[in-house]
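**Student:** What follows is protein.pdb, PDB, C-alpha atoms.
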ATOM      1  CA  MET A   1      32.562  16.633  -2.693  1.00  0.00           C
ATOM      2  CA  GLU A   2      29.332  18.642  -2.809  1.00  0.00           C
ATOM      3  CA  GLU A   3      27.423  15.509  -3.856  1.00  0.00           C
ATOM      4  CA  THR A   4      28.799  13.588  -0.853  1.00  0.00           C
ATOM      5  CA  ASP A   5      27.905  16.453   1.473  1.00  0.00           C
ATOM      6  CA  SER A   6      24.388  16.565   0.004  1.00  0.00           C
ATOM      7  CA  ARG A   7      23.885  12.825   0.565  1.00  0.00           C
ATOM      8  CA  SER A   8      25.147  13.198   4.128  1.00  0.00           C
ATOM      9  CA  THR A   9      22.719  16.052   4.779  1.00  0.00           C
ATOM     10  CA  VAL A  10      19.801  14.035   3.416  1.00  0.00           C
ATOM     11  CA  GLU A  11      20.781  11.162   5.715  1.00  0.00           C
ATOM     12  CA  ILE A  12      20.941  13.519   8.706  1.00  0.00           C
ATOM     13  CA  VAL A  13      17.444  14.808   7.961  1.00  0.00           C
ATOM     14  CA  ALA A  14      16.020  11.315   7.412  1.00  0.00           C
ATOM     15  CA  THR A  15      17.560  10.110  10.682  1.00  0.00           C
ATOM     16  CA  ALA A  16      16.228  13.124  12.603  1.00  0.00           C
ATOM     17  CA  VAL A  17      12.679  12.622  11.325  1.00  0.00           C
ATOM     18  CA  THR A  18      12.799   8.883  12.002  1.00  0.00           C
ATOM     19  CA  GLU A  19      14.022   9.473  15.560  1.00  0.00           C
ATOM     20  CA  ALA A  20      11.274  12.048  16.142  1.00  0.00           C
ATOM     21  CA  VAL A  21       8.720   9.427  15.136  1.00  0.00           C
ATOM     22  CA  ARG A  22      10.414   6.762  17.261  1.00  0.00           C
ATOM     23  CA  THR A  23      10.215   8.941  20.374  1.00  0.00           C
ATOM     24  CA  GLY A  24       6.647  10.081  19.724  1.00  0.00           C
ATOM     25  CA  ARG A  25       7.542  13.728  19.029  1.00  0.00           C
ATOM     26  CA  LEU A  26       5.908  13.238  15.631  1.00  0.00           C
ATOM     27  CA  VAL A  27       2.572  11.434  15.685  1.00  0.00           C
ATOM     28  CA  PRO A  28       0.430   9.715  13.033  1.00  0.00           C
ATOM     29  CA  GLY A  29      -1.214  12.209  10.707  1.00  0.00           C
ATOM     30  CA  GLN A  30       0.988  15.118  11.817  1.00  0.00           C
ATOM     31  CA  ARG A  31       2.035  17.348   8.932  1.00  0.00           C
ATOM     32  CA  LEU A  32       5.696  18.280   8.484  1.00  0.00           C
ATOM     33  CA  THR A  33       6.351  21.838   7.352  1.00  0.00           C
ATOM     34  CA  GLU A  34       9.453  22.647   5.345  1.00  0.00           C
ATOM     35  CA  SER A  35      10.109  25.961   7.079  1.00  0.00           C
ATOM     36  CA  GLU A  36      10.120  24.364  10.537  1.00  0.00           C
ATOM     37  CA  PHE A  37      12.564  21.603   9.611  1.00  0.00           C
ATOM     38  CA  THR A  38      14.922  23.741   7.527  1.00  0.00           C
ATOM     39  CA  SER A  39      15.165  26.140  10.469  1.00  0.00           C
ATOM     40  CA  ARG A  40      15.486  23.449  13.129  1.00  0.00           C
ATOM     41  CA  LEU A  41      18.069  21.348  11.275  1.00  0.00           C
ATOM     42  CA  GLY A  42      19.844  24.107   9.382  1.00  0.00           C
ATOM     43  CA  VAL A  43      19.540  22.384   6.001  1.00  0.00           C
ATOM     44  CA  SER A  44      18.504  23.454   2.533  1.00  0.00           C
ATOM     45  CA  ARG A  45      15.009  22.910   1.175  1.00  0.00           C
ATOM     46  CA  SER A  46      16.384  20.645  -1.554  1.00  0.00           C
ATOM     47  CA  SER A  47      18.003  18.311   0.991  1.00  0.00           C
ATOM     48  CA  LEU A  48      14.863  18.349   3.120  1.00  0.00           C
ATOM     49  CA  ARG A  49      12.644  17.490   0.176  1.00  0.00           C
ATOM     50  CA  GLU A  50      14.930  14.650  -0.867  1.00  0.00           C
ATOM     51  CA  ALA A  51      14.810  13.245   2.687  1.00  0.00           C
ATOM     52  CA  PHE A  52      11.011  13.540   2.702  1.00  0.00           C
ATOM     53  CA  ARG A  53      10.870  11.711  -0.660  1.00  0.00           C
ATOM     54  CA  ARG A  54      13.038   8.915   0.719  1.00  0.00           C
ATOM     55  CA  LEU A  55      10.931   8.507   3.858  1.00  0.00           C
ATOM     56  CA  THR A  56       7.758   8.569   1.764  1.00  0.00           C
ATOM     57  CA  ALA A  57       9.169   5.773  -0.404  1.00  0.00           C
ATOM     58  CA  ASP A  58      10.040   3.869   2.787  1.00  0.00           C
ATOM     59  CA  GLY A  59       6.447   4.226   3.976  1.00  0.00           C
ATOM     60  CA  LEU A  60       7.080   6.351   7.053  1.00  0.00           C
ATOM     61  CA  LEU A  61       5.611   9.520   5.541  1.00  0.00           C
ATOM     62  CA  SER A  62       2.743  10.077   3.125  1.00  0.00           C
ATOM     63  CA  ALA A  63       2.567  12.803   0.497  1.00  0.00           C
ATOM     64  CA  GLU A  64      -0.632  14.658  -0.300  1.00  0.00           C
ATOM     65  CA  PRO A  65      -0.995  16.961  -3.336  1.00  0.00           C
ATOM     66  CA  HIS A  66      -0.894  20.631  -2.318  1.00  0.00           C
ATOM     67  CA  ARG A  67      -0.704  19.640   1.374  1.00  0.00           C
ATOM     68  CA  GLY A  68       2.891  18.458   1.722  1.00  0.00           C
ATOM     69  CA  VAL A  69       3.881  15.408   3.743  1.00  0.00           C
ATOM     70  CA  ALA A  70       2.616  13.903   6.982  1.00  0.00           C
ATOM     71  CA  VAL A  71       3.486  10.980   9.235  1.00  0.00           C
ATOM     72  CA  ARG A  72       1.760   8.039   7.617  1.00  0.00           C
ATOM     73  CA  GLN A  73      -1.054   6.274   9.449  1.00  0.00           C
ATOM     74  CA  LEU A  74      -1.911   2.754   8.323  1.00  0.00           C
ATOM     75  CA  SER A  75      -5.281   1.054   8.307  1.00  0.00           C
ATOM     76  CA  ARG A  76      -5.759  -2.231  10.158  1.00  0.00           C
ATOM     77  CA  PRO A  77      -5.545  -4.284   6.925  1.00  0.00           C
ATOM     78  CA  GLU A  78      -2.344  -2.447   5.960  1.00  0.00           C
ATOM     79  CA  VAL A  79      -0.839  -3.284   9.355  1.00  0.00           C
ATOM     80  CA  ASP A  80      -1.673  -6.947   8.792  1.00  0.00           C
ATOM     81  CA  ASN A  81      -0.013  -6.805   5.354  1.00  0.00           C
ATOM     82  CA  LEU A  82       3.078  -5.122   6.802  1.00  0.00           C
ATOM     83  CA  PHE A  83       3.567  -7.688   9.557  1.00  0.00           C
ATOM     84  CA  GLN A  84       2.827 -10.615   7.242  1.00  0.00           C
ATOM     85  CA  VAL A  85       5.614  -9.581   4.888  1.00  0.00           C
ATOM     86  CA  ARG A  86       7.965  -8.654   7.694  1.00  0.00           C
ATOM     87  CA  GLY A  87       7.427 -12.010   9.415  1.00  0.00           C
ATOM     88  CA  ALA A  88       8.262 -13.964   6.272  1.00  0.00           C
ATOM     89  CA  LEU A  89      11.402 -11.911   5.597  1.00  0.00           C
ATOM     90  CA  GLU A  90      12.584 -11.969   9.215  1.00  0.00           C
ATOM     91  CA  ALA A  91      12.216 -15.765   9.201  1.00  0.00           C
ATOM     92  CA  LEU A  92      14.247 -15.912   5.979  1.00  0.00           C
ATOM     93  CA  ALA A  93      16.935 -13.748   7.588  1.00  0.00           C
ATOM     94  CA  VAL A  94      17.076 -16.188  10.508  1.00  0.00           C
ATOM     95  CA  LYS A  95      17.404 -19.141   8.131  1.00  0.00           C
ATOM     96  CA  LEU A  96      20.263 -17.525   6.205  1.00  0.00           C
ATOM     97  CA  ALA A  97      22.062 -16.151   9.260  1.00  0.00           C
ATOM     98  CA  LEU A  98      21.779 -19.193  11.515  1.00  0.00           C
ATOM     99  CA  PRO A  99      24.847 -21.162  10.300  1.00  0.00           C
ATOM    100  CA  ALA A 100      27.172 -18.197  10.875  1.00  0.00           C
ATOM    101  CA  LEU A 101      25.595 -17.223  14.196  1.00  0.00           C
ATOM    102  CA  HIS A 102      25.699 -20.836  15.405  1.00  0.00           C
ATOM    103  CA  ARG A 103      29.441 -20.976  14.665  1.00  0.00           C
ATOM    104  CA  ALA A 104      30.065 -17.603  16.335  1.00  0.00           C
ATOM    105  CA  PRO A 105      27.177 -16.809  18.699  1.00  0.00           C
ATOM    106  CA  ALA A 106      29.005 -14.318  20.939  1.00  0.00           C
ATOM    107  CA  SER A 107      27.346 -11.197  19.459  1.00  0.00           C
ATOM    108  CA  LEU A 108      23.872 -12.686  19.730  1.00  0.00           C
ATOM    109  CA  ILE A 109      24.436 -13.900  23.288  1.00  0.00           C
ATOM    110  CA  ASP A 110      25.801 -10.506  24.308  1.00  0.00           C
ATOM    111  CA  ILE A 111      22.696  -8.750  22.943  1.00  0.00           C
ATOM    112  CA  GLN A 112      20.437 -11.290  24.641  1.00  0.00           C
ATOM    113  CA  HIS A 113      22.132 -10.730  27.994  1.00  0.00           C
ATOM    114  CA  GLY A 114      21.574  -7.009  27.525  1.00  0.00           C
ATOM    115  CA  LEU A 115      17.894  -7.558  26.699  1.00  0.00           C
ATOM    116  CA  ASP A 116      17.468  -9.692  29.809  1.00  0.00           C
ATOM    117  CA  ALA A 117      19.066  -7.032  31.997  1.00  0.00           C
ATOM    118  CA  ALA A 118      17.014  -4.218  30.432  1.00  0.00           C
ATOM    119  CA  ALA A 119      13.774  -6.146  30.901  1.00  0.00           C
ATOM    120  CA  GLU A 120      14.668  -6.936  34.503  1.00  0.00           C
ATOM    121  CA  ALA A 121      15.460  -3.272  35.198  1.00  0.00           C
ATOM    122  CA  GLY A 122      12.423  -1.979  33.341  1.00  0.00           C
ATOM    123  CA  ASP A 123      14.699   0.136  31.129  1.00  0.00           C
ATOM    124  CA  MET A 124      12.517   0.678  28.050  1.00  0.00           C
ATOM    125  CA  ASN A 125      14.971   2.861  26.122  1.00  0.00           C
ATOM    126  CA  ARG A 126      17.771   0.322  26.504  1.00  0.00           C
ATOM    127  CA  PHE A 127      15.436  -2.556  25.690  1.00  0.00           C
ATOM    128  CA  SER A 128      14.260  -0.815  22.525  1.00  0.00           C
ATOM    129  CA  GLU A 129      17.835  -0.106  21.411  1.00  0.00           C
ATOM    130  CA  LEU A 130      18.886  -3.732  21.960  1.00  0.00           C
ATOM    131  CA  ASN A 131      15.772  -5.063  20.270  1.00  0.00           C
ATOM    132  CA  ALA A 132      16.716  -3.109  17.146  1.00  0.00           C
ATOM    133  CA  ARG A 133      20.267  -4.523  17.347  1.00  0.00           C
ATOM    134  CA  PHE A 134      18.880  -8.048  17.781  1.00  0.00           C
ATOM    135  CA  HIS A 135      16.874  -7.878  14.561  1.00  0.00           C
ATOM    136  CA  ARG A 136      19.620  -6.020  12.696  1.00  0.00           C
ATOM    137  CA  LEU A 137      22.146  -8.742  13.576  1.00  0.00           C
ATOM    138  CA  PHE A 138      20.120 -11.387  11.759  1.00  0.00           C
ATOM    139  CA  ARG A 139      19.444  -9.356   8.633  1.00  0.00           C
ATOM    140  CA  GLU A 140      23.068  -8.212   8.353  1.00  0.00           C
ATOM    141  CA  THR A 141      24.516 -11.674   9.046  1.00  0.00           C
ATOM    142  CA  ALA A 142      22.211 -13.173   6.397  1.00  0.00           C
ATOM    143  CA  ASN A 143      24.604 -11.670   3.810  1.00  0.00           C
ATOM    144  CA  ASN A 144      21.812 -10.757   1.386  1.00  0.00           C
ATOM    145  CA  PRO A 145      21.899  -7.032   0.575  1.00  0.00           C
ATOM    146  CA  LEU A 146      18.395  -6.964  -0.928  1.00  0.00           C
ATOM    147  CA  LEU A 147      16.914  -8.691   2.115  1.00  0.00           C
ATOM    148  CA  ASN A 148      18.794  -6.336   4.428  1.00  0.00           C
ATOM    149  CA  GLU A 149      17.621  -3.261   2.516  1.00  0.00           C
ATOM    150  CA  THR A 150      14.002  -4.424   2.417  1.00  0.00           C
ATOM    151  CA  LEU A 151      13.883  -5.265   6.122  1.00  0.00           C
ATOM    152  CA  THR A 152      15.561  -1.968   6.974  1.00  0.00           C
ATOM    153  CA  ARG A 153      12.802  -0.134   5.104  1.00  0.00           C
ATOM    154  CA  LEU A 154      10.090  -2.201   6.805  1.00  0.00           C
ATOM    155  CA  SER A 155      11.648  -1.440  10.197  1.00  0.00           C
ATOM    156  CA  ASN A 156      10.906   2.239   9.520  1.00  0.00           C
ATOM    157  CA  SER A 157       7.184   1.572   9.768  1.00  0.00           C
ATOM    158  CA  LEU A 158       5.466   3.882  12.233  1.00  0.00           C
ATOM    159  CA  TYR A 159       4.000   0.911  14.091  1.00  0.00           C
ATOM    160  CA  TRP A 160       7.362  -0.779  14.511  1.00  0.00           C
ATOM    161  CA  LEU A 161       9.178   2.396  15.530  1.00  0.00           C
ATOM    162  CA  GLN A 162       6.529   3.360  18.094  1.00  0.00           C
ATOM    163  CA  PHE A 163       5.811  -0.178  19.338  1.00  0.00           C
ATOM    164  CA  ARG A 164       7.274   0.515  22.780  1.00  0.00           C
ATOM    165  CA  ILE A 165       5.208   3.723  23.067  1.00  0.00           C
ATOM    166  CA  LEU A 166       1.922   2.275  21.805  1.00  0.00           C
ATOM    167  CA  VAL A 167       1.898  -1.021  23.687  1.00  0.00           C
ATOM    168  CA  ASP A 168       1.745  -1.561  27.459  1.00  0.00           C
ATOM    169  CA  ARG A 169       5.268  -1.604  28.927  1.00  0.00           C
ATOM    170  CA  GLN A 170       4.927  -5.018  30.550  1.00  0.00           C
ATOM    171  CA  GLN A 171       3.711  -6.569  27.313  1.00  0.00           C
ATOM    172  CA  VAL A 172       6.742  -5.119  25.516  1.00  0.00           C
ATOM    173  CA  PHE A 173       9.124  -6.653  28.051  1.00  0.00           C
ATOM    174  CA  GLU A 174       7.326 -10.004  27.786  1.00  0.00           C
ATOM    175  CA  THR A 175       8.323 -10.209  24.115  1.00  0.00           C
ATOM    176  CA  ASN A 176      11.826 -10.948  25.413  1.00  0.00           C
ATOM    177  CA  ARG A 177      10.736 -14.543  25.971  1.00  0.00           C
ATOM    178  CA  GLN A 178      10.681 -14.952  22.192  1.00  0.00           C
ATOM    179  CA  HIS A 179      14.145 -13.416  21.938  1.00  0.00           C
ATOM    180  CA  GLN A 180      15.350 -15.977  24.488  1.00  0.00           C
ATOM    181  CA  ARG A 181      13.715 -18.852  22.604  1.00  0.00           C
ATOM    182  CA  LEU A 182      15.280 -17.730  19.331  1.00  0.00           C
ATOM    183  CA  THR A 183      18.725 -17.361  20.900  1.00  0.00           C
ATOM    184  CA  GLU A 184      18.525 -20.874  22.352  1.00  0.00           C
ATOM    185  CA  CYS A 185      17.521 -22.288  18.953  1.00  0.00           C
ATOM    186  CA  VAL A 186      20.512 -20.618  17.300  1.00  0.00           C
ATOM    187  CA  LYS A 187      22.871 -22.026  19.924  1.00  0.00           C
ATOM    188  CA  ALA A 188      21.346 -25.492  19.350  1.00  0.00           C
ATOM    189  CA  ASN A 189      21.541 -25.119  15.537  1.00  0.00           C
ATOM    190  CA  ASP A 190      17.771 -25.670  15.383  1.00  0.00           C
ATOM    191  CA  ALA A 191      16.872 -23.919  12.130  1.00  0.00           C
ATOM    192  CA  SER A 192      13.169 -24.789  12.053  1.00  0.00           C
ATOM    193  CA  GLY A 193      12.760 -23.844  15.709  1.00  0.00           C
ATOM    194  CA  ALA A 194      14.544 -20.538  15.177  1.00  0.00           C
ATOM    195  CA  GLU A 195      12.400 -19.631  12.161  1.00  0.00           C
ATOM    196  CA  ALA A 196       9.238 -20.557  14.072  1.00  0.00           C
ATOM    197  CA  ALA A 197      10.363 -18.441  17.027  1.00  0.00           C
ATOM    198  CA  MET A 198      10.894 -15.409  14.815  1.00  0.00           C
ATOM    199  CA  LEU A 199       7.538 -15.866  13.091  1.00  0.00           C
ATOM    200  CA  GLY A 200       5.884 -16.129  16.496  1.00  0.00           C
ATOM    201  CA  HIS A 201       7.706 -13.009  17.672  1.00  0.00           C
ATOM    202  CA  ILE A 202       6.478 -10.926  14.722  1.00  0.00           C
ATOM    203  CA  GLU A 203       2.955 -12.343  15.003  1.00  0.00           C
ATOM    204  CA  ASN A 204       2.856 -11.437  18.685  1.00  0.00           C
ATOM    205  CA  ALA A 205       3.835  -7.867  17.810  1.00  0.00           C
ATOM    206  CA  ARG A 206       1.083  -7.740  15.172  1.00  0.00           C
ATOM    207  CA  THR A 207      -1.504  -8.980  17.680  1.00  0.00           C
ATOM    208  CA  LEU A 208      -0.479  -6.385  20.255  1.00  0.00           C
ATOM    209  CA  ILE A 209      -0.677  -3.579  17.693  1.00  0.00           C
ATOM    210  CA  GLN A 210      -4.084  -4.740  16.463  1.00  0.00           C
ATOM    211  CA  SER A 211      -5.379  -4.695  20.037  1.00  0.00           C
ATOM    212  CA  LEU A 212      -5.047  -0.890  20.082  1.00  0.00           C
ATOM    213  CA  PRO A 213      -8.157   1.329  19.763  1.00  0.00           C
ATOM    214  CA  ASP A 214      -9.411   2.298  16.316  1.00  0.00           C
ATOM    215  CA  ASP A 215      -8.133   5.873  16.589  1.00  0.00           C
ATOM    216  CA  HIS A 216      -4.580   4.571  16.160  1.00  0.00           C
ATOM    217  CA  PHE A 217      -5.395   3.496  12.605  1.00  0.00           C
ATOM    218  CA  ALA A 218      -6.416   5.142   9.359  1.00  0.00           C
ATOM    219  CA  GLN A 219      -9.967   4.460   8.284  1.00  0.00           C
ATOM    220  CA  VAL A 220     -10.396   2.197   5.292  1.00  0.00           C
ATOM    221  CA  SER A 221     -12.007   4.180   2.488  1.00  0.00           C
ATOM    222  CA  THR A 222     -15.092   2.478   1.156  1.00  0.00           C
ATOM    223  CA  THR A 223     -15.870   3.194  -2.468  1.00  0.00           C
ATOM    224  CA  GLN A 224     -18.885   1.643  -4.086  1.00  0.00           C
ATOM    225  CA  THR A 225     -18.808   0.628  -7.682  1.00  0.00           C
ATOM    226  CA  ASP A 226     -21.798  -0.165  -9.849  1.00  0.00           C
TER
END
Write the structure described by the file as C-alpha cells, please.
**Tutor:**
Amino acid sequence: MEETDSRSTVEIVATAVTEAVRTGRLVPGQRLTESEFTSRLGVSRSSLREAFRRLTADGLLSAEPHRGVAVRQLSRPEVDNLFQVRGALEALAVKLALPALHRAPASLIDIQHGLDAAAEAGDMNRFSELNARFHRLFRETANNPLLNETLTRLSNSLYWLQFRILVDRQQVFETNRQHQRLTECVKANDASGAEAAMLGHIENARTLIQSLPDDHFAQVSTTQTD
C-alpha cells in the first residue's frame, strides 16, 4: 500500500511541475529548489527527487552536478531534432489509428468541433486543452503502447507545453486549419493525406518556434578539437 501511495505522490509532483511549465509559472533555465516544492506540495524529499528524476528522463528538466535541477532549455538544433522525431511518430500514430477512427469518428469530430468553437471565441485555454486531446486520441487509438509512451514523453517538451504562450495567439489559432484537414482525411479514409496533414502540422509548429528570438534557446557550446 505504501508503494502505491509513493507512486501516486510522485505522479502528483510530476503533474504539478509539468502544469507549472505549461502555464509559464516555471520558465526555461529556472532552478527548482527541493525545500520550496516539498513545502508547497506537502510531499517528502524522496518523492520529490523521484519526480524530478522522471521529468529529467523525459527531457523537461535538466540536472546539473551540485546545482540541482532546472527547467531545460533546448538549443535550436535540439528543437529541430525534437520536432523531426515527433513528426515522424505522430504520422505513424495517424497511420495506425486511422482505420479505427474512420470506422468510429465521433470522438475525433467532437474534438474538432470544440477546437473550431475555441478558435472562433479566442479561448486559448480551451483550445490548448482540446489540442492535447486531439493528439492524444491518435496515439492512444494507434494501440501501440511503446509509441504512446514515447509520444507522451515528447509532448512534455518545454517548447510543446509552452507553444501557446511563446507563439502569437493568432498564429496558434491558425494551426486549427491543419486539424480540420486531418479530420477530413480521416473521415474520407485518406491515409496518405492524413499522414501528410500531421507532418505539415508538426512542421508548422517547428517553424513557428524557430521564428522566436535567440534568447528563447540555449546556446550551442562550441568546443574546438585539435
**Student:** One decimal, Å: what's the distance from CA of Glu50 (chain A) over to CA of Leu158 (chain A), could you say?
**Tutor:** 19.4 Å
**Student:** Name the residues that the PyMOL selection byres ((chain A and resi 49) around 10) picks from the file above, as a list in words, using the file's chain letters and numbers.
**Tutor:**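 Evaluating the PyMOL selection byres ((chain A and resi 49) around 10) on this file yields Val10, Val13, Glu34, Thr38, Ser44, Arg45, Ser46, Ser47, Leu48, Glu50, Ala51, Phe52, Arg53, Arg54, Leu55, Gly68 and Val69 of chain A.
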**Student:** Decode the PyMOL selection byres ((chain A and resi 112) around 10) for the given file into explicit residues and return them as a ChimeraX atom specification.
**Tutor:** /A:106-111,113-118,130-131,133-134,176,179-180,182-183
**Student:** Mind telling me what the PyMOL selection byres ((chain A and resi 15-19) around 9) catches here, as a list in words?
**Tutor:**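 Checked against the file, the PyMOL selection byres ((chain A and resi 15-19) around 9) matches Val10, Glu11, Ile12, Val13, Ala14, Ala20, Val21, Arg22, Thr23, Gly24, Arg25, Leu26, Leu41, Ala51, Phe52, Leu55, Leu60, Asn156, Leu158 and Leu161 of chain A.
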**Student:** Pick out the residues sitting within 12 Å of region 78-87 of chain A, and hand them over as a ChimeraX atom specification; count only C-alpha atoms, and ignore anything fewer than 6 positions along from it in its own chain.
**Tutor:** /A:59,72,93-94,135,139,147-148,150-160,195-212,216-220
**Student:** Provide the CA of Phe138 (chain A) to CA of Asp168 (chain A) distance in Å, to one decimal place.
**Tutor:**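 Spanning CA of Phe138 (chain A) to CA of Asp168 (chain A) is a straight-line distance of 26.1 Å.
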**Student:** How many Å separate CA of Asn189 (chain A) from CA of His102 (chain A)?
**Tutor:** 6.0 Å
**Student:** Output region 158-171 of chain A with N, CA and C atoms present, as a tab-separated table (two decimals), in the frame of the given file.
**Tutor:**
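Listing of selection-v3.tsv after writing:
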chain	number	residue	atom	x	y	z
A	158	LEU	N	5.91	3.18	11.03
A	158	LEU	CA	5.47	3.88	12.23
A	158	LEU	C	5.16	2.91	13.37
A	159	TYR	N	4.49	1.81	13.05
A	159	TYR	CA	4.00	0.91	14.09
A	159	TYR	C	5.12	0.07	14.70
A	160	TRP	N	6.20	-0.09	13.94
A	160	TRP	CA	7.36	-0.78	14.51
A	160	TRP	C	8.19	0.20	15.34
A	161	LEU	N	8.38	1.39	14.82
A	161	LEU	CA	9.18	2.40	15.53
A	161	LEU	C	8.54	2.77	16.87
A	162	GLN	N	7.21	2.89	16.89
A	162	GLN	CA	6.53	3.36	18.09
A	162	GLN	C	5.95	2.21	18.93
A	163	PHE	N	6.36	0.99	18.64
A	163	PHE	CA	5.81	-0.18	19.34
A	163	PHE	C	5.90	-0.02	20.85
A	164	ARG	N	7.07	0.42	21.32
A	164	ARG	CA	7.27	0.52	22.78
A	164	ARG	C	6.45	1.64	23.39
A	165	ILE	N	6.04	2.63	22.57
A	165	ILE	CA	5.21	3.72	23.07
A	165	ILE	C	3.73	3.32	23.05
A	166	LEU	N	3.33	2.61	22.00
A	166	LEU	CA	1.92	2.28	21.80
A	166	LEU	C	1.44	1.17	22.74
A	167	VAL	N	2.30	0.19	22.97
A	167	VAL	CA	1.90	-1.02	23.69
A	167	VAL	C	2.28	-0.92	25.16
A	168	ASP	N	1.48	-1.53	26.03
A	168	ASP	CA	1.74	-1.56	27.46
A	168	ASP	C	3.17	-2.03	27.74
A	169	ARG	N	3.86	-1.34	28.65
A	169	ARG	CA	5.27	-1.60	28.93
A	169	ARG	C	5.52	-3.07	29.28
A	170	GLN	N	4.69	-3.64	30.13
A	170	GLN	CA	4.93	-5.02	30.55
A	170	GLN	C	4.80	-5.98	29.39
A	171	GLN	N	3.86	-5.72	28.49
A	171	GLN	CA	3.71	-6.57	27.31
A	171	GLN	C	4.93	-6.47	26.40
